[in-house]
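Visitor: Could you have a look at this structure, given as structure tokens, before my questions?
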Amino acid sequence: MEADNISERSERERQAHNEGLQRTGYYSFFKHTRYHYIQRQKRLQKEFFQCANGKQVLELGTNSWSVLERNEIKPASLYGINISEKELELGIQIAETTFLSPRFLLMDANRLAFKDNTFDVVFGGGILHHLDCISALDEVCRVLKPGGKIFFIEPLAINPIAKLVRWLTPRVRTADEQPLRFRDLKAIKNRFHAQFYYEELLSVPFGVLSKLLFKDPANWLMSLVFKIDLALDRWIPPLRYMYRHVVITGSKK
């Protein structure tokens with residue numbers, strides 16, 4: 001892909017990911033906060049990705065396709081795209097050790113170079129917020145077959161603690177990334193029959209406390225806080241927009 005085939009924003013993303021982001025300590029810091037949600041994600045993934053068996057599948061990004069291998073799913077074809085040569089090469093290296101045979105392409109997810117109605121499933125982990133979300137959703141809809149399915153895990157923009165963390169950790173993120181806002185969630189609802197699984201409210205501050213008190217993130221405190229987060233999501237729906245992340249599943253309208 002030539003540089004003049006992508007937008008200025010995409011070019012900045014490309015350069016930032018090629019240079020590398022300082023994320024190791026960041027992910028470790030939130031280990032306790034995310035533990036129970038990671039377990040729930042695995043259950044959701046195991047159930048959802050059964051629909052990908054023997055199908056045409058596209059990942060936006062090249063770092064989440066291993067979920068298929070973990071759940072012993074073998075698509076008829078699996079494509080992974082990335083704007084970053086460095087990230088693409090990493091995906092290629094990892095794929096050499098798996099039973100899957102993904103085809104990795106250098107491509108801007110805002111301008112997918114696939115024909116209409118090509119894929120049965122499109123998914124990604126932490127990718128939409130690096131894109132022009134509305135344009136990317138339109139492209140996902142275009143390349144999905146009628147009734148095609150999506151699975152995304154994304155950060156949300158509203159949580160005040162998450163906002164503070166983003167401000168304090170500029171080297172962990174790119175200059176243009178934008179966690180999902182109300183308008184992005186609305187755009188998803190307009191295009192897909194979507195389900196949203198909200199993650200991390202009280203688990204954020206208590207996760208920090210838990211890390212100080214316990215070695216194991218699977219402790220009684222975080223188990224309790226996880227249950228409270230789920231209850232608040234059910235009992236006070238407007239509060240869910242204050243959560244830190246969301247898992248999105250759905251099918252094309």
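Labeling convention for the structure tokens: chains A, B, ... as they appear, residues from 1 per chain, ligands from 1 in order of appearance.
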For the interface of region 154-231 of chain A with region 128-134 of chain A (cut-off 10 Å, counting only C-alpha atoms), please tabulate each contacting residue of region 154-231 of chain A alongside its nearest pair of atoms and their separation in Å to one decimal, rows sorted by chain and increasing number, as CSV.
Guide:
```
residue,atom,partner,partner_atom,distance
A:Glu154,CA,A:His129,CA,6.9
A:Pro155,CA,A:His129,CA,7.4
A:Leu156,CA,A:His129,CA,8.9
A:Ala157,CA,A:His129,CA,9.7
A:Arg173,CA,A:His130,CA,9.4
A:Thr174,CA,A:His130,CA,8.0
A:Ala175,CA,A:His130,CA,9.4
A:Asp176,CA,A:His130,CA,6.9
A:Glu177,CA,A:His130,CA,4.5
A:Gln178,CA,A:His129,CA,5.0
A:Pro179,CA,A:His129,CA,5.1
A:Leu180,CA,A:His129,CA,6.2
A:Arg181,CA,A:His129,CA,9.5
A:Arg183,CA,A:Ile134,CA,8.9
A:Asp184,CA,A:Cys133,CA,6.7
A:Leu185,CA,A:Cys133,CA,9.8
A:Ala187,CA,A:Ile134,CA,6.8
A:Ile188,CA,A:Ile134,CA,8.5
```
Visitor: Save the residues we just selected, all heavy atoms, as a compact mmCIF listing (two decimals), in the first residue's frame?
Guide:
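The result, stored in result23.txt:
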```txt
# COMPACT_ATOMS: atom_id res chain seq x y z
N GLU A 154 -14.05 -2.69 22.87
CA GLU A 154 -13.61 -1.31 22.70
C GLU A 154 -13.67 -0.53 24.02
O GLU A 154 -14.51 -0.83 24.88
CB GLU A 154 -14.49 -0.59 21.68
CG GLU A 154 -14.40 -1.13 20.27
CD GLU A 154 -13.05 -0.88 19.63
OE1 GLU A 154 -12.37 0.10 20.00
OE2 GLU A 154 -12.66 -1.69 18.75
N PRO A 155 -12.80 0.48 24.18
CA PRO A 155 -12.90 1.38 25.33
C PRO A 155 -14.02 2.39 25.12
O PRO A 155 -14.38 2.72 23.99
CB PRO A 155 -11.53 2.06 25.36
CG PRO A 155 -11.12 2.09 23.92
CD PRO A 155 -11.65 0.81 23.32
N LEU A 156 -14.57 2.86 26.24
CA LEU A 156 -15.60 3.90 26.21
C LEU A 156 -15.01 5.23 26.67
O LEU A 156 -14.06 5.27 27.46
CB LEU A 156 -16.77 3.51 27.12
CG LEU A 156 -17.59 2.31 26.66
CD1 LEU A 156 -18.55 1.86 27.75
CD2 LEU A 156 -18.35 2.63 25.38
N ALA A 157 -15.60 6.32 26.20
CA ALA A 157 -15.01 7.65 26.39
C ALA A 157 -15.43 8.35 27.68
O ALA A 157 -14.81 9.32 28.08
CB ALA A 157 -15.38 8.54 25.21
N ARG A 173 -0.81 5.40 24.02
CA ARG A 173 -1.84 5.52 22.99
C ARG A 173 -1.37 6.42 21.85
O ARG A 173 -0.35 7.10 21.96
CB ARG A 173 -3.12 6.07 23.62
CG ARG A 173 -2.99 7.44 24.27
CD ARG A 173 -4.04 7.67 25.34
NE ARG A 173 -3.71 6.95 26.56
CZ ARG A 173 -4.28 5.82 26.94
NH1 ARG A 173 -5.23 5.29 26.21
NH2 ARG A 173 -3.92 5.22 28.06
N THR A 174 -2.14 6.40 20.79
CA THR A 174 -1.83 7.25 19.65
C THR A 174 -2.56 8.58 19.78
O THR A 174 -3.54 8.70 20.51
CB THR A 174 -2.23 6.56 18.34
OG1 THR A 174 -3.64 6.34 18.33
CG2 THR A 174 -1.50 5.24 18.18
N ALA A 175 -2.10 9.57 19.02
CA ALA A 175 -2.65 10.92 19.16
C ALA A 175 -4.10 11.01 18.73
O ALA A 175 -4.86 11.83 19.26
CB ALA A 175 -1.80 11.89 18.34
N ASP A 176 -4.51 10.18 17.78
CA ASP A 176 -5.85 10.30 17.19
C ASP A 176 -6.87 9.32 17.76
O ASP A 176 -8.06 9.43 17.42
CB ASP A 176 -5.77 10.10 15.68
CG ASP A 176 -4.98 11.20 15.00
OD1 ASP A 176 -5.45 12.35 15.01
OD2 ASP A 176 -3.89 10.91 14.46
N GLU A 177 -6.46 8.37 18.56
CA GLU A 177 -7.43 7.38 19.02
C GLU A 177 -8.53 8.06 19.84
O GLU A 177 -8.28 9.00 20.60
CB GLU A 177 -6.76 6.27 19.80
CG GLU A 177 -6.17 6.66 21.14
CD GLU A 177 -5.58 5.46 21.86
OE1 GLU A 177 -4.48 5.01 21.45
OE2 GLU A 177 -6.20 5.00 22.82
N GLN A 178 -9.75 7.56 19.68
CA GLN A 178 -10.91 8.15 20.33
C GLN A 178 -11.83 7.04 20.84
O GLN A 178 -12.51 6.38 20.06
CB GLN A 178 -11.68 9.04 19.35
CG GLN A 178 -13.01 9.55 19.86
CD GLN A 178 -12.87 10.38 21.12
OE1 GLN A 178 -12.19 11.40 21.12
NE2 GLN A 178 -13.48 9.92 22.22
N PRO A 179 -11.81 6.80 22.17
CA PRO A 179 -12.74 5.81 22.72
C PRO A 179 -14.18 6.10 22.30
O PRO A 179 -14.54 7.25 22.00
CB PRO A 179 -12.56 5.98 24.23
CG PRO A 179 -11.15 6.49 24.38
CD PRO A 179 -10.94 7.39 23.20
N LEU A 180 -14.99 5.07 22.26
CA LEU A 180 -16.33 5.20 21.71
C LEU A 180 -17.20 6.15 22.52
O LEU A 180 -17.22 6.10 23.75
CB LEU A 180 -17.00 3.83 21.64
CG LEU A 180 -16.77 3.04 20.34
CD1 LEU A 180 -15.30 2.86 20.03
CD2 LEU A 180 -17.48 1.70 20.39
N ARG A 181 -17.92 7.00 21.81
CA ARG A 181 -18.83 7.98 22.40
C ARG A 181 -20.27 7.55 22.15
O ARG A 181 -20.53 6.54 21.50
CB ARG A 181 -18.57 9.36 21.80
CG ARG A 181 -17.17 9.90 22.10
CD ARG A 181 -16.71 10.93 21.08
NE ARG A 181 -16.45 10.32 19.79
CZ ARG A 181 -15.90 10.97 18.76
NH1 ARG A 181 -15.59 12.25 18.88
NH2 ARG A 181 -15.69 10.36 17.61
N ARG A 183 -22.42 8.80 20.16
CA ARG A 183 -22.75 8.76 18.74
C ARG A 183 -22.23 7.50 18.07
O ARG A 183 -22.84 6.99 17.11
CB ARG A 183 -22.23 10.00 18.03
CG ARG A 183 -20.71 10.07 17.87
CD ARG A 183 -20.31 11.24 16.98
NE ARG A 183 -18.91 11.19 16.63
CZ ARG A 183 -18.33 12.01 15.75
NH1 ARG A 183 -19.06 12.94 15.16
NH2 ARG A 183 -17.05 11.92 15.48
N ASP A 184 -21.10 6.97 18.55
CA ASP A 184 -20.56 5.74 17.99
C ASP A 184 -21.43 4.55 18.35
O ASP A 184 -21.69 3.67 17.52
CB ASP A 184 -19.13 5.53 18.48
CG ASP A 184 -18.22 6.68 18.11
OD1 ASP A 184 -18.28 7.14 16.95
OD2 ASP A 184 -17.46 7.14 18.98
N LEU A 185 -21.88 4.51 19.61
CA LEU A 185 -22.77 3.42 20.04
C LEU A 185 -24.09 3.49 19.27
O LEU A 185 -24.64 2.45 18.88
CB LEU A 185 -23.03 3.52 21.54
CG LEU A 185 -21.79 3.37 22.43
CD1 LEU A 185 -22.17 3.57 23.89
CD2 LEU A 185 -21.12 2.02 22.24
N ALA A 187 -24.46 4.70 16.26
CA ALA A 187 -24.16 4.28 14.88
C ALA A 187 -24.14 2.75 14.78
O ALA A 187 -24.58 2.18 13.78
CB ALA A 187 -22.83 4.86 14.43
N ILE A 188 -23.61 2.10 15.81
CA ILE A 188 -23.60 0.64 15.82
C ILE A 188 -25.02 0.10 15.88
O ILE A 188 -25.40 -0.82 15.13
CB ILE A 188 -22.77 0.13 17.02
CG1 ILE A 188 -21.29 0.48 16.81
CG2 ILE A 188 -22.94 -1.38 17.20
CD1 ILE A 188 -20.43 0.28 18.04
```
Visitor: Ranking A:Arg171, A:His32, A:Arg111, A:Arg40 by minimum distance to Gly20 (chain A) and counting only C-alpha atoms, which one comes first?
Guide: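 Smallest separation from Gly20 (chain A) among the options: A:Arg171.
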Visitor: Residues within 10 Å of region 48-50 of chain A, please, as JSON, numbers by chain. Count only C-alpha atoms; anything in the same chain fewer than 5 positions from it doesn't count.
Guide: {"A": [42, 43, 55, 67, 68, 71, 72, 73, 74, 75, 121, 123, 149, 150, 151, 249, 250]}
Visitor: Counting only C-alpha atoms, which residues of region 103-186 of chain A fall within 12 Å of region 203-219 of chain A, and what is the closest atom pair for each with its distance in Å at one decimal, ordered by chain and rising number, as a tab-separated table?
Guide:
```
residue	atom	partner	partner_atom	distance
A:Asn159	CA	A:Val204	CA	9.9
A:Pro160	CA	A:Val204	CA	10.7
A:Ile161	CA	A:Val204	CA	7.8
A:Ala162	CA	A:Val204	CA	8.5
A:Leu164	CA	A:Val204	CA	12.0
A:Val165	CA	A:Val204	CA	10.7
```
Visitor: Considering only C-alpha atoms, state which residue in the set A:Phe29, A:Phe104, A:Trp65, A:Tyr37 is at the smallest distance from Ile83 (chain A).
Guide: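 Distance minimum relative to Ile83 (chain A) lands on A:Phe104.
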Visitor: In region 48-124 of chain A, what's strand (DSSP E or B) per DSSP? Answer as a PDB file with N, CA and C atoms, in the first residue's frame?
Guide:
```pdb
ATOM      1  N   GLN A  56     -16.249 -17.237   5.987  1.00  0.00           N
ATOM      2  CA  GLN A  56     -15.298 -16.231   5.528  1.00  0.00           C
ATOM      3  C   GLN A  56     -15.173 -15.170   6.624  1.00  0.00           C
ATOM      4  N   VAL A  57     -13.962 -14.998   7.145  1.00  0.00           N
ATOM      5  CA  VAL A  57     -13.763 -14.194   8.354  1.00  0.00           C
ATOM      6  C   VAL A  57     -12.692 -13.129   8.123  1.00  0.00           C
ATOM      7  N   LEU A  58     -12.960 -11.942   8.668  1.00  0.00           N
ATOM      8  CA  LEU A  58     -12.010 -10.828   8.587  1.00  0.00           C
ATOM      9  C   LEU A  58     -11.771 -10.263   9.972  1.00  0.00           C
ATOM     10  N   GLU A  59     -10.492 -10.108  10.337  1.00  0.00           N
ATOM     11  CA  GLU A  59     -10.151  -9.358  11.544  1.00  0.00           C
ATOM     12  C   GLU A  59      -9.619  -7.987  11.145  1.00  0.00           C
ATOM     13  N   LEU A  60     -10.177  -6.948  11.748  1.00  0.00           N
ATOM     14  CA  LEU A  60      -9.595  -5.610  11.639  1.00  0.00           C
ATOM     15  C   LEU A  60      -8.490  -5.549  12.685  1.00  0.00           C
ATOM     16  N   GLY A  61      -7.252  -5.577  12.236  1.00  0.00           N
ATOM     17  CA  GLY A  61      -6.115  -5.748  13.139  1.00  0.00           C
ATOM     18  C   GLY A  61      -5.524  -7.130  12.919  1.00  0.00           C
ATOM     19  N   SER A  77     -11.838 -19.169   5.266  1.00  0.00           N
ATOM     20  CA  SER A  77     -10.736 -18.243   5.002  1.00  0.00           C
ATOM     21  C   SER A  77     -10.677 -17.242   6.134  1.00  0.00           C
ATOM     22  N   LEU A  78      -9.474 -16.788   6.447  1.00  0.00           N
ATOM     23  CA  LEU A  78      -9.269 -15.821   7.524  1.00  0.00           C
ATOM     24  C   LEU A  78      -8.290 -14.760   7.052  1.00  0.00           C
ATOM     25  N   TYR A  79      -8.766 -13.527   6.982  1.00  0.00           N
ATOM     26  CA  TYR A  79      -7.931 -12.386   6.630  1.00  0.00           C
ATOM     27  C   TYR A  79      -7.711 -11.525   7.875  1.00  0.00           C
ATOM     28  N   GLY A  80      -6.494 -10.991   7.992  1.00  0.00           N
ATOM     29  CA  GLY A  80      -6.193  -9.999   9.014  1.00  0.00           C
ATOM     30  C   GLY A  80      -5.545  -8.807   8.348  1.00  0.00           C
ATOM     31  N   ILE A  81      -6.038  -7.617   8.648  1.00  0.00           N
ATOM     32  CA  ILE A  81      -5.473  -6.420   8.023  1.00  0.00           C
ATOM     33  C   ILE A  81      -4.906  -5.501   9.095  1.00  0.00           C
ATOM     34  N   ASN A  82      -3.906  -4.728   8.707  1.00  0.00           N
ATOM     35  CA  ASN A  82      -3.292  -3.780   9.633  1.00  0.00           C
ATOM     36  C   ASN A  82      -2.669  -2.644   8.836  1.00  0.00           C
ATOM     37  N   ARG A 103      -4.383 -14.959   6.221  1.00  0.00           N
ATOM     38  CA  ARG A 103      -3.730 -14.169   5.173  1.00  0.00           C
ATOM     39  C   ARG A 103      -3.706 -12.729   5.664  1.00  0.00           C
ATOM     40  N   PHE A 104      -2.513 -12.181   5.868  1.00  0.00           N
ATOM     41  CA  PHE A 104      -2.362 -10.838   6.407  1.00  0.00           C
ATOM     42  C   PHE A 104      -2.070  -9.849   5.292  1.00  0.00           C
ATOM     43  N   LEU A 105      -2.791  -8.717   5.341  1.00  0.00           N
ATOM     44  CA  LEU A 105      -2.653  -7.698   4.313  1.00  0.00           C
ATOM     45  C   LEU A 105      -2.444  -6.329   4.949  1.00  0.00           C
ATOM     46  N   LEU A 106      -1.568  -5.532   4.322  1.00  0.00           N
ATOM     47  CA  LEU A 106      -1.398  -4.145   4.735  1.00  0.00           C
ATOM     48  C   LEU A 106      -2.555  -3.344   4.143  1.00  0.00           C
ATOM     49  N   PHE A 119     -17.716 -11.201   3.538  1.00  0.00           N
ATOM     50  CA  PHE A 119     -17.436 -11.913   4.785  1.00  0.00           C
ATOM     51  C   PHE A 119     -18.693 -12.263   5.574  1.00  0.00           C
ATOM     52  N   ASP A 120     -18.586 -13.385   6.303  1.00  0.00           N
ATOM     53  CA  ASP A 120     -19.647 -13.800   7.223  1.00  0.00           C
ATOM     54  C   ASP A 120     -19.441 -13.199   8.606  1.00  0.00           C
ATOM     55  N   VAL A 121     -18.183 -12.950   8.969  1.00  0.00           N
ATOM     56  CA  VAL A 121     -17.843 -12.442  10.300  1.00  0.00           C
ATOM     57  C   VAL A 121     -16.729 -11.410  10.174  1.00  0.00           C
ATOM     58  N   VAL A 122     -16.897 -10.280  10.866  1.00  0.00           N
ATOM     59  CA  VAL A 122     -15.837  -9.280  11.002  1.00  0.00           C
ATOM     60  C   VAL A 122     -15.663  -8.998  12.486  1.00  0.00           C
ATOM     61  N   PHE A 123     -14.414  -8.998  12.957  1.00  0.00           N
ATOM     62  CA  PHE A 123     -14.181  -8.780  14.381  1.00  0.00           C
ATOM     63  C   PHE A 123     -12.889  -8.018  14.609  1.00  0.00           C
ATOM     64  N   GLY A 124     -12.675  -7.592  15.839  1.00  0.00           N
ATOM     65  CA  GLY A 124     -11.448  -6.901  16.195  1.00  0.00           C
ATOM     66  C   GLY A 124     -11.390  -6.597  17.672  1.00  0.00           C
TER      67      GLY A 124
END
```
Visitor: Quick one: distance from CA of Lys31 (chain A) to CA of Arg14 (chain A) in Å, one decimal?
Guide: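 Interatomic distance here is 27.4 Å.
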Visitor: Write down as an MDAnalysis selection string the residues belonging to region 51-185 of chain A that are assigned helix (DSSP H, G or I) by DSSP computed on the backbone.
Guide: chainID A and resid 51:52 66:70 85:95 128:130 133:143 160:168 170:172 182:185
Visitor: Which of these residues is nearest to Glu69 (chain A), using only C-alpha atoms: A:Ser251, A:Thr98, A:Gln41, A:Ser84?
Guide: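 Of A:Ser251, A:Thr98, A:Gln41, A:Ser84, the one nearest Glu69 (chain A) is A:Thr98, counting only C-alpha atoms.
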Visitor: Using only C-alpha atoms, which of the listed residues (A:Ile153, A:Ile38, A:Leu112, A:Cys51) sits closest to Ser64 (chain A)?
Guide: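 Between A:Ile153, A:Ile38, A:Leu112, A:Cys51, the residue approaching Ser64 (chain A) most closely is A:Ile153.
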Visitor: Could you check the closest approach to Phe226 (chain A) for each of A:Phe99, A:Tyr241, A:Trp167, A:Tyr198 and tell me which residue wins, using only C-alpha atoms?
Guide: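 Closest candidate: A:Tyr198.
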Visitor: So which one's closest to Asp138 (chain A), A:Lys252, A:Arg240, A:Arg9, A:Lys86? Using only C-alpha atoms, please.
Guide: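 For Asp138 (chain A), the nearest of the given residues is A:Lys252.
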Visitor: Mind checking which residues fall within 10 Å of Ser7 (chain A), counting only C-alpha atoms, ignoring those fewer than 6 positions away in the same chain, and posting them as an MDAnalysis selection string?
Guide: chainID A and resid 13 108 110:111
Visitor: Can I get the selection written as a PDB file, in the first residue's frame, with C-alpha atoms?
Guide:
```pdb
ATOM      1  CA  GLU A  13      -1.573   5.632  13.251  1.00  0.00           C
ATOM      2  CA  ASP A 108      -6.483   0.841   5.919  1.00  0.00           C
ATOM      3  CA  ASN A 110     -11.291   2.921   6.884  1.00  0.00           C
ATOM      4  CA  ARG A 111     -11.075   1.916   3.203  1.00  0.00           C
TER       5      ARG A 111
END
```
Visitor: Provide the CA of Ile94 (chain A) to CA of Gly148 (chain A) distance in Å, to one decimal place.
Guide: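 Straight-line distance from CA of Ile94 (chain A) to CA of Gly148 (chain A) works out to 27.2 Å.
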Visitor: Tell me which protein, DNA and RNA residues are within 7 Å of Tyr197 (chain A), counting only C-alpha atoms, leaving out same-chain ones fewer than 2 positions away, and put them as an NGL selection string.
Guide: :A and (195 or 199 or 246-248)
Visitor: Would you export the selected residues with C-alpha atoms as an mmCIF file, in the first residue's frame, please?
Guide:
```
data_model
loop_
_atom_site.group_PDB
_atom_site.id
_atom_site.type_symbol
_atom_site.label_atom_id
_atom_site.label_comp_id
_atom_site.auth_asym_id
_atom_site.auth_seq_id
_atom_site.Cartn_x
_atom_site.Cartn_y
_atom_site.Cartn_z
ATOM 1 C CA GLN A 195 -25.784 -6.572 22.106
ATOM 2 C CA GLU A 199 -17.188 -3.730 31.593
ATOM 3 C CA VAL A 246 -17.737 -2.601 26.112
ATOM 4 C CA VAL A 247 -17.946 -5.912 24.260
ATOM 5 C CA ILE A 248 -20.112 -5.610 21.151
#
```
